[in-house]
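Trainee: Before anything else, here's the structure in question.
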Amino acid sequence: MEVNQSNTKDLGNLSIKDLFFKYVRFLPVFLVSVAVFLLVAYLYLRYSTPIYRVGGTLTFKMENTGGRGDKFNDIFLAKSINDVQTEIEILKSQPLMERAIDSAKLQTNYFAVGKIKSLNIYKSCPFRLEIFELDDSSRSFSLNVLFVNNEQFRINKEKNTFSLGQIFKNAYGVFRLSKLPGVNIGKNKEFNVTWSPTTMQAGVYAPMIRVSPKIAGSNIYYIQIDYTNAQLGADIINNLMREYLKASIEDKNVTINQTLDYINQQLSKLETDLDSIVKEHIALKKKYNLSDVDAQTKNYFNITTDADKLINEQLIKIQVIDIIEQYLKNAANNFEKVPSSLGVDDPSVDEQVQAYNRLQAERKNMLANNIAEAHPQVVAKNQEIEIARKNLLEALQNVKKLTQTVIDSYNSRSNTAENRIKSIPEQLQELLEIERKKDSKLYLLKFLQEKREETAMSLASTISNSKILQLAYSTDIPIKPNRKGIQLLAIILGIGFPAMFIFFREIVNDKINTRYDIIKITEAPILGEVGHSYSSSSMMVSKTNRSMVSEQFRIIRSNLQYILNKVEKPVIMITSSFSSEGKSFITTNLGGVMALAGKKTVILEFDIRKPKLFAGLKLASPNGITKYLVGKSKFEDLPVKVPGFENLYAISCGPVPPNPSELLLDSRVSELFDWLRANFEVVILDTAPVGMVSDAMTLGKFADSTLYIVRQGVTYKKQILLIDEFYQENRLPKISIVLNDVRLKPGYGYYGYGRYGYGYGYGGGYYETEEGVVMSKRSSFINWVKNIFR
């Protein structure tokens, strides 16, 4: 975890230039990734079903609370609304969608069948399905239509062939396909025709409807739908808006028709009563042969008549109040609107009647939107209606009491006049009484006729509380899939996925890859770098070899001068953190370049546990270090001359002992080094890994310098901390680092010395081509892939 945190910090410290060169080597990977994602985007765009958005606009007429208008406005102007949200829910409701589907006959859908997808072709279908009979109208069905030629087809891949215009029968019912005029269908064209009941189809379309304000705070609303066929979507929206207007008008006309029925019933009754009074009046005049009376008598009777007329007006008002009270007290009308407040000319009663009717309308809208009667909203609305009913009954009682007071006043005036005409003959008084009844009935008849005309005019002039501002129209531009957006997303993903992979790979990478990885952990000097060798031989250097690896060992030989200073016969110890980091390879070739410089050099195989040096040189010796240490060999028997070199010798480790650590503590080791210094100019020790065993620590006292081998892509970064500890505490003599097996990794900033590209690279004529480097294009590509993901 500490290494990962260090990696994250190091990535943050890199400059833009560093990051560019770090990732530029993955350019082919990015290009391939982008190409793959663009191909996926193309296939998606090619075979996905497009979705089109169509919609119209509708405006609602809001309630005006500014005061009461005149009768003309009450009759001819549309009733407004005060709950837009309720109207929106009605627009999105399934019952209204069912009306729209029935009006446009949208139960049948037509699909063109392709190799991969099927498209809804709606009115573009070259034929129409006529349904004569359905076996089960509550179940949907699908018919597969395959045209054998321009006139004949098969149904559901059956063998029977039918002709266009021919009636056929199957398990679903009786049908006929009719070809549209001027259309050529063609051969082997396949279609799917589906039919669904209105309820089921409405259940599909209704949830797709969206209603939203066009401008915040305005009464103009968008009614939209997203569907696979733009023309079908436009027809759904347009029919939905038209049916909404019709439904709102029908809802208003229900109340008006109730009022009109009541007036007609009362008029019929009044006409019957009036006919009886007229007949009685004529019969009485004939019976008593009555003529005009005295002006004074007539005046008294006029007073009485006027009083009776006013009393009748108030009695009519009481009758209307009684009718409304009976209507409200009738349990059957608990959830019905009050027909009208006819004749009750009282503002408070009018307002409460309107409030009561509005609550009833809101409750019906809830039920129309499939809200159950037991739902808390409906129960709450029922309670509001009951409170409004009680308030209205109380207001009617107050008006009734006030009206009765007025009647008592007029009765008093009438009684006074009647007392003054007591002298009028009984016959004349009887006649005047009949005339007074007739006048009362005529007045009530005229009043109800006026109300009937007003109500009939209101019925004829009813308009909706909303208006269609713009119908929905078909469009050729889909909203899904978004071509540019998907292509851009493909490019982003094509770059993002490999970038993310590389980024996390760098974060979790805890191995050494560059000089920079070493420099940021330890201050120990880096003596040099050795590139990757493609040769099968462990000895790379020779007099005639000018390969890059050979030259790098010569550079290390030169750099050692600055480490050893003026040590005449240096002992150089080579160690590492663990096995497989290339100690034996470095030891072999460093000994070679020292010998080529004319110095008598000996390399010792002091990695007693896992000796590899002699095996790499393909040498064999019956003697070795372990035999010498146990007294079975002499100094002179140990060195073996390395073929091809005049001044290079090697000493084998000998048989692997059971106690190598204790063996190295023997005093004969010191004698061996004294003899080596006396007989050789350069002594190089190939020791065991210092990170695993203590052999190198034991031999360190005999060495003048320590070369610590770090292998690219193998040595862990945390092991550099061990090197830094040895360097800071001087536990090993003059530690310097050799970075081994360096491969060319463009993007890490260099190949050779320095951080930004100073040093060596392939080509340019400086080096010979190393044996094994020439490869086929295929193997070169494979190695390149392995290299960048190493």
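Chain identifiers are assigned as A, B, and so on, following the order in which chains appear in the structure tokens; residues are numbered from 1 within each chain, and ligands are numbered from 1 in order of appearance.
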Using only C-alpha atoms, determine which residues lie at most 12 Å from Tyr44 (chain A), disregarding the query and same-chain residues fewer than 3 positions distant; provide the list as a PyMOL selection string.

Mentor: chain A and resi 37-41+47-50+116-117+480-483+486-487+490

Trainee: Write the residues you've just listed into a file as an mmCIF file, in the first residue's frame, and include N, CA and C atoms for each of them.

Mentor:
data_model
loop_
_atom_site.group_PDB
_atom_site.id
_atom_site.type_symbol
_atom_site.label_atom_id
_atom_site.label_comp_id
_atom_site.auth_asym_id
_atom_site.auth_seq_id
_atom_site.Cartn_x
_atom_site.Cartn_y
_atom_site.Cartn_z
ATOM 1 N N PHE A 37 -14.532 1.056 -30.378
ATOM 2 C CA PHE A 37 -15.712 1.718 -29.817
ATOM 3 C C PHE A 37 -16.511 2.430 -30.902
ATOM 4 N N LEU A 38 -15.838 3.008 -31.886
ATOM 5 C CA LEU A 38 -16.568 3.635 -32.999
ATOM 6 C C LEU A 38 -17.323 2.593 -33.813
ATOM 7 N N LEU A 39 -16.736 1.406 -33.960
ATOM 8 C CA LEU A 39 -17.440 0.332 -34.661
ATOM 9 C C LEU A 39 -18.678 -0.090 -33.883
ATOM 10 N N VAL A 40 -18.530 -0.211 -32.562
ATOM 11 C CA VAL A 40 -19.699 -0.550 -31.733
ATOM 12 C C VAL A 40 -20.758 0.543 -31.835
ATOM 13 N N ALA A 41 -20.321 1.813 -31.828
ATOM 14 C CA ALA A 41 -21.269 2.922 -31.951
ATOM 15 C C ALA A 41 -21.977 2.881 -33.298
ATOM 16 N N TYR A 47 -28.507 -0.291 -36.038
ATOM 17 C CA TYR A 47 -29.547 -1.277 -35.780
ATOM 18 C C TYR A 47 -30.460 -0.928 -34.611
ATOM 19 N N SER A 48 -30.244 0.171 -33.926
ATOM 20 C CA SER A 48 -31.162 0.558 -32.851
ATOM 21 C C SER A 48 -32.402 1.235 -33.445
ATOM 22 N N THR A 49 -33.505 1.099 -32.743
ATOM 23 C CA THR A 49 -34.766 1.685 -33.205
ATOM 24 C C THR A 49 -34.816 3.151 -32.804
ATOM 25 N N PRO A 50 -35.005 4.066 -33.772
ATOM 26 C CA PRO A 50 -35.033 5.490 -33.424
ATOM 27 C C PRO A 50 -36.291 5.855 -32.641
ATOM 28 N N ILE A 116 -32.736 -7.728 -38.697
ATOM 29 C CA ILE A 116 -32.335 -7.567 -37.302
ATOM 30 C C ILE A 116 -33.432 -6.935 -36.454
ATOM 31 N N LYS A 117 -34.115 -5.960 -36.982
ATOM 32 C CA LYS A 117 -35.126 -5.264 -36.196
ATOM 33 C C LYS A 117 -36.397 -5.074 -37.010
ATOM 34 N N LYS A 480 -33.503 9.877 -29.982
ATOM 35 C CA LYS A 480 -32.688 8.734 -29.596
ATOM 36 C C LYS A 480 -32.608 7.800 -30.798
ATOM 37 N N PRO A 481 -31.468 7.246 -31.091
ATOM 38 C CA PRO A 481 -30.181 7.550 -30.460
ATOM 39 C C PRO A 481 -29.600 8.870 -30.970
ATOM 40 N N ASN A 482 -28.881 9.553 -30.098
ATOM 41 C CA ASN A 482 -28.218 10.809 -30.436
ATOM 42 C C ASN A 482 -26.902 10.486 -31.147
ATOM 43 N N ARG A 483 -26.902 10.652 -32.486
ATOM 44 C CA ARG A 483 -25.757 10.215 -33.280
ATOM 45 C C ARG A 483 -24.458 10.876 -32.829
ATOM 46 N N ILE A 486 -23.455 9.817 -29.236
ATOM 47 C CA ILE A 486 -22.951 8.443 -29.127
ATOM 48 C C ILE A 486 -21.563 8.334 -29.737
ATOM 49 N N GLN A 487 -21.348 9.005 -30.871
ATOM 50 C CA GLN A 487 -20.017 8.977 -31.475
ATOM 51 C C GLN A 487 -18.989 9.638 -30.559
ATOM 52 N N ALA A 490 -18.303 7.289 -27.793
ATOM 53 C CA ALA A 490 -17.437 6.196 -28.244
ATOM 54 C C ALA A 490 -15.979 6.634 -28.248
#

Trainee: So which one's closest to Gln470 (chain A), A:Ile185, A:Leu129, A:Met241, A:Val320? Using only C-alpha atoms, please.

Mentor: A:Met241

Trainee: Please extract the residues of region 494-591 of chain A with a backbone DSSP assignment of alpha helix (DSSP H) and present them as a PyMOL selection string.

Mentor: chain A and resi 494-508+515-519+548-564+583-591

Trainee: Tell me which protein, DNA and RNA residues are within 10 Å of region 189-197 of chain A, counting only C-alpha atoms, leaving out same-chain ones fewer than 6 positions away, and put them as a ChimeraX atom specification.

Mentor: /A:98,101-102,106-114,118-122,125,128-129,131,136-150,153-156,203

Trainee: To one decimal place, how far is CA of Val254 (chain A) from CA of Ile237 (chain A) in Å?

Mentor: 26.0 Å

Trainee: Apply DSSP to the structure's backbone, then extract all residues of region 450-677 of chain A labelled strand (DSSP E) and return them as a VMD selection string.

Mentor: chain A and resid 466 to 470 526 to 531 571 to 576 601 to 606 640 to 641 648 to 651

Trainee: Tell me which protein, DNA and RNA residues are within 7 Å of region 679-682 of chain A, counting only C-alpha atoms, leaving out same-chain ones fewer than 5 positions away, and put them as a ChimeraX atom specification.

Mentor: /A:569-571,599-602

Trainee: Convert the current residue selection to file output with N, CA and C atoms, as a PDB file, in the first residue's frame.

Mentor:
ATOM      1  N   LYS A 569      44.465  -2.706  -7.212  1.00  0.00           N
ATOM      2  CA  LYS A 569      43.955  -4.047  -7.455  1.00  0.00           C
ATOM      3  C   LYS A 569      42.600  -4.185  -6.741  1.00  0.00           C
ATOM      4  N   PRO A 570      41.554  -3.661  -7.356  1.00  0.00           N
ATOM      5  CA  PRO A 570      40.256  -3.629  -6.679  1.00  0.00           C
ATOM      6  C   PRO A 570      39.595  -5.005  -6.612  1.00  0.00           C
ATOM      7  N   VAL A 571      38.837  -5.158  -5.531  1.00  0.00           N
ATOM      8  CA  VAL A 571      37.942  -6.311  -5.386  1.00  0.00           C
ATOM      9  C   VAL A 571      36.513  -5.774  -5.499  1.00  0.00           C
ATOM     10  N   LYS A 599      43.866  -5.994 -18.108  1.00  0.00           N
ATOM     11  CA  LYS A 599      44.048  -6.288 -16.687  1.00  0.00           C
ATOM     12  C   LYS A 599      43.748  -7.756 -16.448  1.00  0.00           C
ATOM     13  N   LYS A 600      44.670  -8.358 -15.696  1.00  0.00           N
ATOM     14  CA  LYS A 600      44.472  -9.762 -15.351  1.00  0.00           C
ATOM     15  C   LYS A 600      43.319  -9.843 -14.351  1.00  0.00           C
ATOM     16  N   THR A 601      42.270 -10.488 -14.783  1.00  0.00           N
ATOM     17  CA  THR A 601      41.010 -10.454 -14.023  1.00  0.00           C
ATOM     18  C   THR A 601      40.588 -11.865 -13.679  1.00  0.00           C
ATOM     19  N   VAL A 602      40.001 -12.016 -12.496  1.00  0.00           N
ATOM     20  CA  VAL A 602      39.444 -13.281 -12.066  1.00  0.00           C
ATOM     21  C   VAL A 602      38.031 -13.027 -11.541  1.00  0.00           C
TER      22      VAL A 602
END
